[in-house]
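Report on one structure; see the data block that follows.
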Amino acid sequence: MGLLSIIRKQKLKDKEIRVLLLGLDNSGKTTIVKSLLNEDVKEVSPTMGFNINTLSYQEFTLNIWDIGGQSTLRPFWFNYFERTDSLVWVVDVSAISRLRESFQEFEKVLQEDRLVGCNLLILLNKIDIMPADKTLDGIVSDVVEELHLKEITNHCWKVLPVSAYTGQNLQQGVDWVVEEVKKRLYIL
């Protein structure tokens, strides 16, 4: 029995899922976590370093690693890649001027070997305040095209428009993360 099989069996036994939450500063990562934990989303400060939160969901425990997205912290993101089950990348769709920067950072992260095989959920956050000239379908298809997601073969992926502030679609994101991890753990 290989080491990878042993780790997977232990994860299945413990029913723990490690979720790495990344994205640029001010994309709404901490607000997403607070919303999922039913905490006040009106009082959020920038994450300096990282926060770890635990969310019980179905029979699983999700350990959510919320890592700061400031440019000074991004070189340290690689310290958190080990044993990640799901990578959640958060994009602020209201900050059109920063989309290129977000996509460039995303491409750097995806090159990391330690993330190969983990699930990939891209949350298009702040749909409640996105520019009026954009549609949800248009933004989703633009992101799929811009990130070349259809070419990604070493991750199961999903793009989901959400609002951390209102909670819109966040539960769907958690559902998807858990279901994808369950499929992977039970199959192997």
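Chain labels run A, B, ... following the order of the structure tokens; each chain numbers its residues from 1, and ligands are numbered from 1 in the order shown.
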
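Around stretch 164-176 of chain A, within 8 Å and counting only C-alpha atoms, the residues found are Gly28, Thr31, Ile32, Ser35, Leu36, Val41, Lys42, Leu121, Leu123, Asn125, Lys126, Asp128, Leu160, Pro161, Val162, Val178, Glu179 and Glu180 of chain A, once anything fewer than 2 positions away on its own chain is removed.
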
Could those residues be written to a file, using N, CA, C and O atoms, as a compact mmCIF listing (two decimals), in the first residue's frame?
# COMPACT_ATOMS: atom_id res chain seq x y z
N GLY A 28 -12.55 39.23 -0.95
CA GLY A 28 -13.68 38.78 -0.14
C GLY A 28 -13.51 37.42 0.49
O GLY A 28 -14.48 36.80 0.94
N THR A 31 -14.59 37.43 4.17
CA THR A 31 -16.04 37.65 4.22
C THR A 31 -16.78 36.37 3.85
O THR A 31 -17.81 36.04 4.45
N ILE A 32 -16.26 35.62 2.90
CA ILE A 32 -16.86 34.33 2.53
C ILE A 32 -16.85 33.39 3.73
O ILE A 32 -17.87 32.77 4.06
N SER A 35 -19.33 34.54 6.34
CA SER A 35 -20.70 34.25 5.90
C SER A 35 -21.03 32.77 6.10
O SER A 35 -22.11 32.44 6.59
N LEU A 36 -20.10 31.89 5.75
CA LEU A 36 -20.33 30.45 5.94
C LEU A 36 -20.49 30.08 7.41
O LEU A 36 -21.21 29.15 7.75
N VAL A 41 -20.71 39.92 8.65
CA VAL A 41 -19.86 40.20 7.49
C VAL A 41 -19.64 41.70 7.29
O VAL A 41 -18.94 42.10 6.37
N LYS A 42 -20.19 42.51 8.17
CA LYS A 42 -20.03 43.96 8.03
C LYS A 42 -18.71 44.44 8.65
O LYS A 42 -18.25 45.53 8.34
N LEU A 121 -12.20 25.30 -7.11
CA LEU A 121 -13.45 26.07 -7.15
C LEU A 121 -13.08 27.54 -7.31
O LEU A 121 -12.33 28.09 -6.49
N LEU A 123 -14.55 31.14 -7.21
CA LEU A 123 -15.71 31.92 -6.78
C LEU A 123 -15.60 33.33 -7.35
O LEU A 123 -14.64 34.06 -7.05
N ASN A 125 -16.78 36.54 -6.81
CA ASN A 125 -17.41 37.20 -5.68
C ASN A 125 -17.85 38.62 -6.01
O ASN A 125 -17.35 39.24 -6.93
N LYS A 126 -18.76 39.10 -5.21
CA LYS A 126 -19.31 40.46 -5.26
C LYS A 126 -20.23 40.65 -6.45
O LYS A 126 -20.32 41.73 -7.02
N ASP A 128 -23.23 40.94 -6.23
CA ASP A 128 -24.26 41.88 -5.81
C ASP A 128 -23.89 43.33 -6.13
O ASP A 128 -24.76 44.20 -6.14
N LEU A 160 -18.23 29.53 -10.00
CA LEU A 160 -19.51 29.82 -9.36
C LEU A 160 -19.59 31.30 -8.99
O LEU A 160 -18.75 31.79 -8.23
N PRO A 161 -20.58 32.03 -9.51
CA PRO A 161 -20.76 33.42 -9.09
C PRO A 161 -21.40 33.44 -7.70
O PRO A 161 -22.36 32.71 -7.44
N VAL A 162 -20.84 34.25 -6.80
CA VAL A 162 -21.30 34.29 -5.42
C VAL A 162 -21.32 35.72 -4.89
O VAL A 162 -20.74 36.63 -5.48
N VAL A 178 -17.32 19.40 -1.07
CA VAL A 178 -17.47 18.16 -0.31
C VAL A 178 -17.77 16.99 -1.23
O VAL A 178 -17.17 15.91 -1.10
N GLU A 179 -18.66 17.16 -2.18
CA GLU A 179 -19.01 16.06 -3.09
C GLU A 179 -17.81 15.63 -3.93
O GLU A 179 -17.60 14.43 -4.14
N GLU A 180 -17.02 16.57 -4.39
CA GLU A 180 -15.85 16.22 -5.20
C GLU A 180 -14.79 15.49 -4.37
O GLU A 180 -14.18 14.53 -4.84

Contacts of A:Ile64 at 8 Å or less, counting only C-alpha atoms, minus same-chain residues fewer than 4 places along, as number ranges by chain? A: 18-21, 33, 52-55

Restricting the output to all heavy atoms, write the selected residues as a PDB file, in the first residue's frame.
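Resulting contents of out-v8.pdb:
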ATOM      1  N   ARG A  18      -9.195  19.643   3.810  1.00  0.00           N
ATOM      2  CA  ARG A  18      -8.376  20.857   3.903  1.00  0.00           C
ATOM      3  C   ARG A  18      -8.671  21.730   2.683  1.00  0.00           C
ATOM      4  O   ARG A  18      -8.438  21.320   1.541  1.00  0.00           O
ATOM      5  CB  ARG A  18      -6.898  20.505   3.947  1.00  0.00           C
ATOM      6  CG  ARG A  18      -5.994  21.726   4.032  1.00  0.00           C
ATOM      7  CD  ARG A  18      -4.536  21.296   4.036  1.00  0.00           C
ATOM      8  NE  ARG A  18      -3.667  22.379   3.689  1.00  0.00           N
ATOM      9  CZ  ARG A  18      -2.934  23.060   4.567  1.00  0.00           C
ATOM     10  NH1 ARG A  18      -2.974  22.753   5.836  1.00  0.00           N
ATOM     11  NH2 ARG A  18      -2.160  24.034   4.152  1.00  0.00           N
ATOM     12  N   VAL A  19      -9.191  22.920   2.952  1.00  0.00           N
ATOM     13  CA  VAL A  19      -9.566  23.871   1.908  1.00  0.00           C
ATOM     14  C   VAL A  19      -8.619  25.062   1.992  1.00  0.00           C
ATOM     15  O   VAL A  19      -8.483  25.682   3.044  1.00  0.00           O
ATOM     16  CB  VAL A  19     -11.026  24.346   2.083  1.00  0.00           C
ATOM     17  CG1 VAL A  19     -11.389  25.371   1.027  1.00  0.00           C
ATOM     18  CG2 VAL A  19     -11.990  23.168   2.070  1.00  0.00           C
ATOM     19  N   LEU A  20      -7.970  25.362   0.887  1.00  0.00           N
ATOM     20  CA  LEU A  20      -7.072  26.511   0.810  1.00  0.00           C
ATOM     21  C   LEU A  20      -7.794  27.612   0.058  1.00  0.00           C
ATOM     22  O   LEU A  20      -8.214  27.431  -1.088  1.00  0.00           O
ATOM     23  CB  LEU A  20      -5.783  26.120   0.089  1.00  0.00           C
ATOM     24  CG  LEU A  20      -4.706  27.176  -0.033  1.00  0.00           C
ATOM     25  CD1 LEU A  20      -4.245  27.664   1.346  1.00  0.00           C
ATOM     26  CD2 LEU A  20      -3.521  26.621  -0.809  1.00  0.00           C
ATOM     27  N   LEU A  21      -7.977  28.760   0.709  1.00  0.00           N
ATOM     28  CA  LEU A  21      -8.719  29.888   0.160  1.00  0.00           C
ATOM     29  C   LEU A  21      -7.729  30.976  -0.236  1.00  0.00           C
ATOM     30  O   LEU A  21      -7.067  31.554   0.616  1.00  0.00           O
ATOM     31  CB  LEU A  21      -9.687  30.396   1.229  1.00  0.00           C
ATOM     32  CG  LEU A  21     -10.783  31.356   0.858  1.00  0.00           C
ATOM     33  CD1 LEU A  21     -11.729  30.747  -0.156  1.00  0.00           C
ATOM     34  CD2 LEU A  21     -11.567  31.750   2.104  1.00  0.00           C
ATOM     35  N   VAL A  33     -15.716  33.301   4.407  1.00  0.00           N
ATOM     36  CA  VAL A  33     -15.622  32.417   5.575  1.00  0.00           C
ATOM     37  C   VAL A  33     -16.599  32.869   6.658  1.00  0.00           C
ATOM     38  O   VAL A  33     -17.326  32.059   7.234  1.00  0.00           O
ATOM     39  CB  VAL A  33     -14.182  32.361   6.120  1.00  0.00           C
ATOM     40  CG1 VAL A  33     -14.122  31.571   7.420  1.00  0.00           C
ATOM     41  CG2 VAL A  33     -13.244  31.753   5.085  1.00  0.00           C
ATOM     42  N   ILE A  52      -7.297  30.219  10.207  1.00  0.00           N
ATOM     43  CA  ILE A  52      -7.817  28.864  10.018  1.00  0.00           C
ATOM     44  C   ILE A  52      -9.172  28.798  10.707  1.00  0.00           C
ATOM     45  O   ILE A  52      -9.280  29.136  11.888  1.00  0.00           O
ATOM     46  CB  ILE A  52      -6.876  27.801  10.624  1.00  0.00           C
ATOM     47  CG1 ILE A  52      -5.473  27.927  10.044  1.00  0.00           C
ATOM     48  CG2 ILE A  52      -7.449  26.402  10.375  1.00  0.00           C
ATOM     49  CD1 ILE A  52      -4.448  27.070  10.754  1.00  0.00           C
ATOM     50  N   ASN A  53     -10.172  28.379   9.963  1.00  0.00           N
ATOM     51  CA  ASN A  53     -11.513  28.234  10.520  1.00  0.00           C
ATOM     52  C   ASN A  53     -12.005  26.832  10.235  1.00  0.00           C
ATOM     53  O   ASN A  53     -11.632  26.224   9.229  1.00  0.00           O
ATOM     54  CB  ASN A  53     -12.460  29.256   9.889  1.00  0.00           C
ATOM     55  CG  ASN A  53     -12.116  30.665  10.301  1.00  0.00           C
ATOM     56  OD1 ASN A  53     -12.455  31.089  11.391  1.00  0.00           O
ATOM     57  ND2 ASN A  53     -11.416  31.387   9.439  1.00  0.00           N
ATOM     58  N   THR A  54     -12.877  26.343  11.101  1.00  0.00           N
ATOM     59  CA  THR A  54     -13.427  25.005  10.950  1.00  0.00           C
ATOM     60  C   THR A  54     -14.925  25.101  10.725  1.00  0.00           C
ATOM     61  O   THR A  54     -15.621  25.812  11.449  1.00  0.00           O
ATOM     62  CB  THR A  54     -13.145  24.165  12.217  1.00  0.00           C
ATOM     63  OG1 THR A  54     -11.724  24.115  12.404  1.00  0.00           O
ATOM     64  CG2 THR A  54     -13.668  22.761  12.081  1.00  0.00           C
ATOM     65  N   LEU A  55     -15.375  24.394   9.707  1.00  0.00           N
ATOM     66  CA  LEU A  55     -16.789  24.361   9.375  1.00  0.00           C
ATOM     67  C   LEU A  55     -17.226  22.905   9.354  1.00  0.00           C
ATOM     68  O   LEU A  55     -16.641  22.088   8.632  1.00  0.00           O
ATOM     69  CB  LEU A  55     -17.007  25.002   7.990  1.00  0.00           C
ATOM     70  CG  LEU A  55     -18.407  24.955   7.406  1.00  0.00           C
ATOM     71  CD1 LEU A  55     -19.361  25.818   8.228  1.00  0.00           C
ATOM     72  CD2 LEU A  55     -18.385  25.418   5.957  1.00  0.00           C
TER      73      LEU A  55
END

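The protein and nucleic acid residues lying at most 10 Å from A:Ala132 are Ser94, Ile129 and Thr135 of chain A, with only C-alpha atoms considered and sequence neighbours fewer than 3 positions away removed.
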
Which parts of stretch 1-171 of chain A does DSSP call strand (DSSP E) when run on the backbone here, written out as a count of residues only? 43

Hey, what's within 12 Å of A:Asp113 if we count only C-alpha atoms and toss same-chain stuff fewer than 5 positions away? As a compact mmCIF listing (two decimals) with all heavy atoms, in the first residue's frame, please?
# COMPACT_ATOMS: atom_id res chain seq x y z
N PHE A 78 3.05 29.43 -1.13
CA PHE A 78 3.49 28.05 -1.35
C PHE A 78 3.66 27.27 -0.04
O PHE A 78 3.61 26.06 -0.03
CB PHE A 78 4.79 28.01 -2.16
CG PHE A 78 6.00 28.46 -1.40
CD1 PHE A 78 6.78 27.54 -0.72
CD2 PHE A 78 6.35 29.81 -1.34
CE1 PHE A 78 7.89 27.94 0.00
CE2 PHE A 78 7.47 30.22 -0.62
CZ PHE A 78 8.23 29.28 0.05
N PHE A 81 0.47 24.94 0.57
CA PHE A 81 -0.05 24.05 -0.47
C PHE A 81 -0.13 22.58 -0.06
O PHE A 81 -0.93 21.83 -0.60
CB PHE A 81 0.80 24.15 -1.74
CG PHE A 81 0.69 25.47 -2.45
CD1 PHE A 81 1.60 25.80 -3.43
CD2 PHE A 81 -0.28 26.39 -2.15
CE1 PHE A 81 1.53 27.00 -4.11
CE2 PHE A 81 -0.38 27.60 -2.81
CZ PHE A 81 0.53 27.90 -3.80
N GLU A 82 0.70 22.16 0.86
CA GLU A 82 0.80 20.75 1.23
C GLU A 82 -0.54 20.20 1.72
O GLU A 82 -1.23 20.82 2.51
CB GLU A 82 1.85 20.61 2.34
CG GLU A 82 2.50 19.26 2.40
CD GLU A 82 3.37 18.98 1.20
OE1 GLU A 82 4.13 19.85 0.77
OE2 GLU A 82 3.27 17.85 0.70
N ARG A 83 -0.90 19.03 1.22
CA ARG A 83 -2.09 18.27 1.66
C ARG A 83 -3.41 19.00 1.44
O ARG A 83 -4.39 18.78 2.15
CB ARG A 83 -1.94 17.83 3.11
CG ARG A 83 -0.80 16.85 3.31
CD ARG A 83 -0.55 16.45 4.72
NE ARG A 83 -1.80 16.13 5.41
CZ ARG A 83 -1.90 16.05 6.72
NH1 ARG A 83 -0.85 16.25 7.47
NH2 ARG A 83 -3.05 15.74 7.28
N THR A 84 -3.45 19.86 0.44
CA THR A 84 -4.69 20.58 0.11
C THR A 84 -5.63 19.67 -0.66
O THR A 84 -5.24 19.06 -1.64
CB THR A 84 -4.37 21.85 -0.72
OG1 THR A 84 -3.61 22.74 0.10
CG2 THR A 84 -5.64 22.54 -1.18
N LYS A 108 0.11 31.23 -11.73
CA LYS A 108 1.31 30.86 -10.96
C LYS A 108 0.99 29.75 -9.96
O LYS A 108 1.75 28.80 -9.82
CB LYS A 108 1.85 32.08 -10.20
CG LYS A 108 2.49 33.13 -11.04
CD LYS A 108 2.95 34.27 -10.13
CE LYS A 108 3.23 35.54 -10.88
NZ LYS A 108 3.54 36.66 -9.98
N CYS A 118 -5.98 18.33 -6.64
CA CYS A 118 -6.97 18.90 -5.72
C CYS A 118 -8.11 19.51 -6.53
O CYS A 118 -7.96 19.83 -7.70
CB CYS A 118 -6.34 19.93 -4.78
SG CYS A 118 -5.97 21.52 -5.52
N ASN A 154 -5.78 18.21 -14.73
CA ASN A 154 -5.33 17.62 -13.47
C ASN A 154 -6.10 18.15 -12.26
O ASN A 154 -5.67 17.99 -11.14
CB ASN A 154 -3.82 17.81 -13.29
CG ASN A 154 -3.40 19.26 -13.38
OD1 ASN A 154 -4.22 20.14 -13.60
ND2 ASN A 154 -2.13 19.53 -13.20
N HIS A 155 -7.23 18.77 -12.50
CA HIS A 155 -8.12 19.26 -11.44
C HIS A 155 -9.57 19.11 -11.90
O HIS A 155 -9.87 19.37 -13.07
CB HIS A 155 -7.91 20.76 -11.15
CG HIS A 155 -6.56 21.13 -10.67
ND1 HIS A 155 -6.18 21.04 -9.37
CD2 HIS A 155 -5.49 21.63 -11.33
CE1 HIS A 155 -4.94 21.46 -9.24
NE2 HIS A 155 -4.50 21.82 -10.42

Taking only C-alpha atoms into account, which of A:Arg100, A:Lys29, A:Lys15, A:Lys183 comes nearest A:Cys156? A:Lys183

One decimal, Å: what's the distance from atom CA of A:Gly23 over to atom CA of A:Arg114, could you say?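 These atoms are spaced 17.7 Å apart.
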
Just asking: which residues within stretch 117-155 of chain A are helix (DSSP H, G or I) according to DSSP, as an NGL selection string? :A and (127-129 or 136-146 or 149-151)

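Of the listed residues (A:Phe103, A:Trp65, A:Trp157, A:Trp77), A:Trp65 comes nearest to A:Thr30; the distances count only C-alpha atoms.
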
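The closest residue to A:Gln104, picked from A:Leu124, A:Val181, A:Leu147, A:Val116 and counting only C-alpha atoms, is A:Leu147.
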
Selection near A:Glu16, 9 Å with only C-alpha atoms, sequence-local residues under 5 positions removed, as an MDAnalysis selection string: chainID A and resid 11 60:63

Deliver the residues from the most recent selection as a file, using C-alpha atoms, as a CSV table (one decimal), in the first residue's frame.
chain,number,residue,atom,x,y,z
A,11,LYS,CA,-8.6,11.3,5.5
A,60,PHE,CA,-17.2,16.2,7.3
A,61,THR,CA,-15.0,18.8,9.0
A,62,LEU,CA,-13.7,21.5,6.6
A,63,ASN,CA,-10.5,23.2,7.8

Atomic distance atom CA of A:Leu73 - atom CA of A:Val144, expressed in Å with one decimal: 26.1 Å

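Using only C-alpha atoms, the nearest neighbour of A:Ser71 within the list A:Thr153, A:Asp142, A:Glu105, A:Lys134 is A:Glu105.
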
Pick out the residues sitting within 12 Å of A:Ser102, and hand them over as JSON, numbers by chain; count only C-alpha atoms, and ignore anything fewer than 2 positions along from it in its own chain. {"A": [22, 23, 24, 25, 26, 27, 69, 70, 71, 74, 89, 90, 91, 92, 93, 95, 96, 97, 98, 99, 100, 104, 105, 106, 107, 108, 109, 122, 124, 143, 146, 147]}
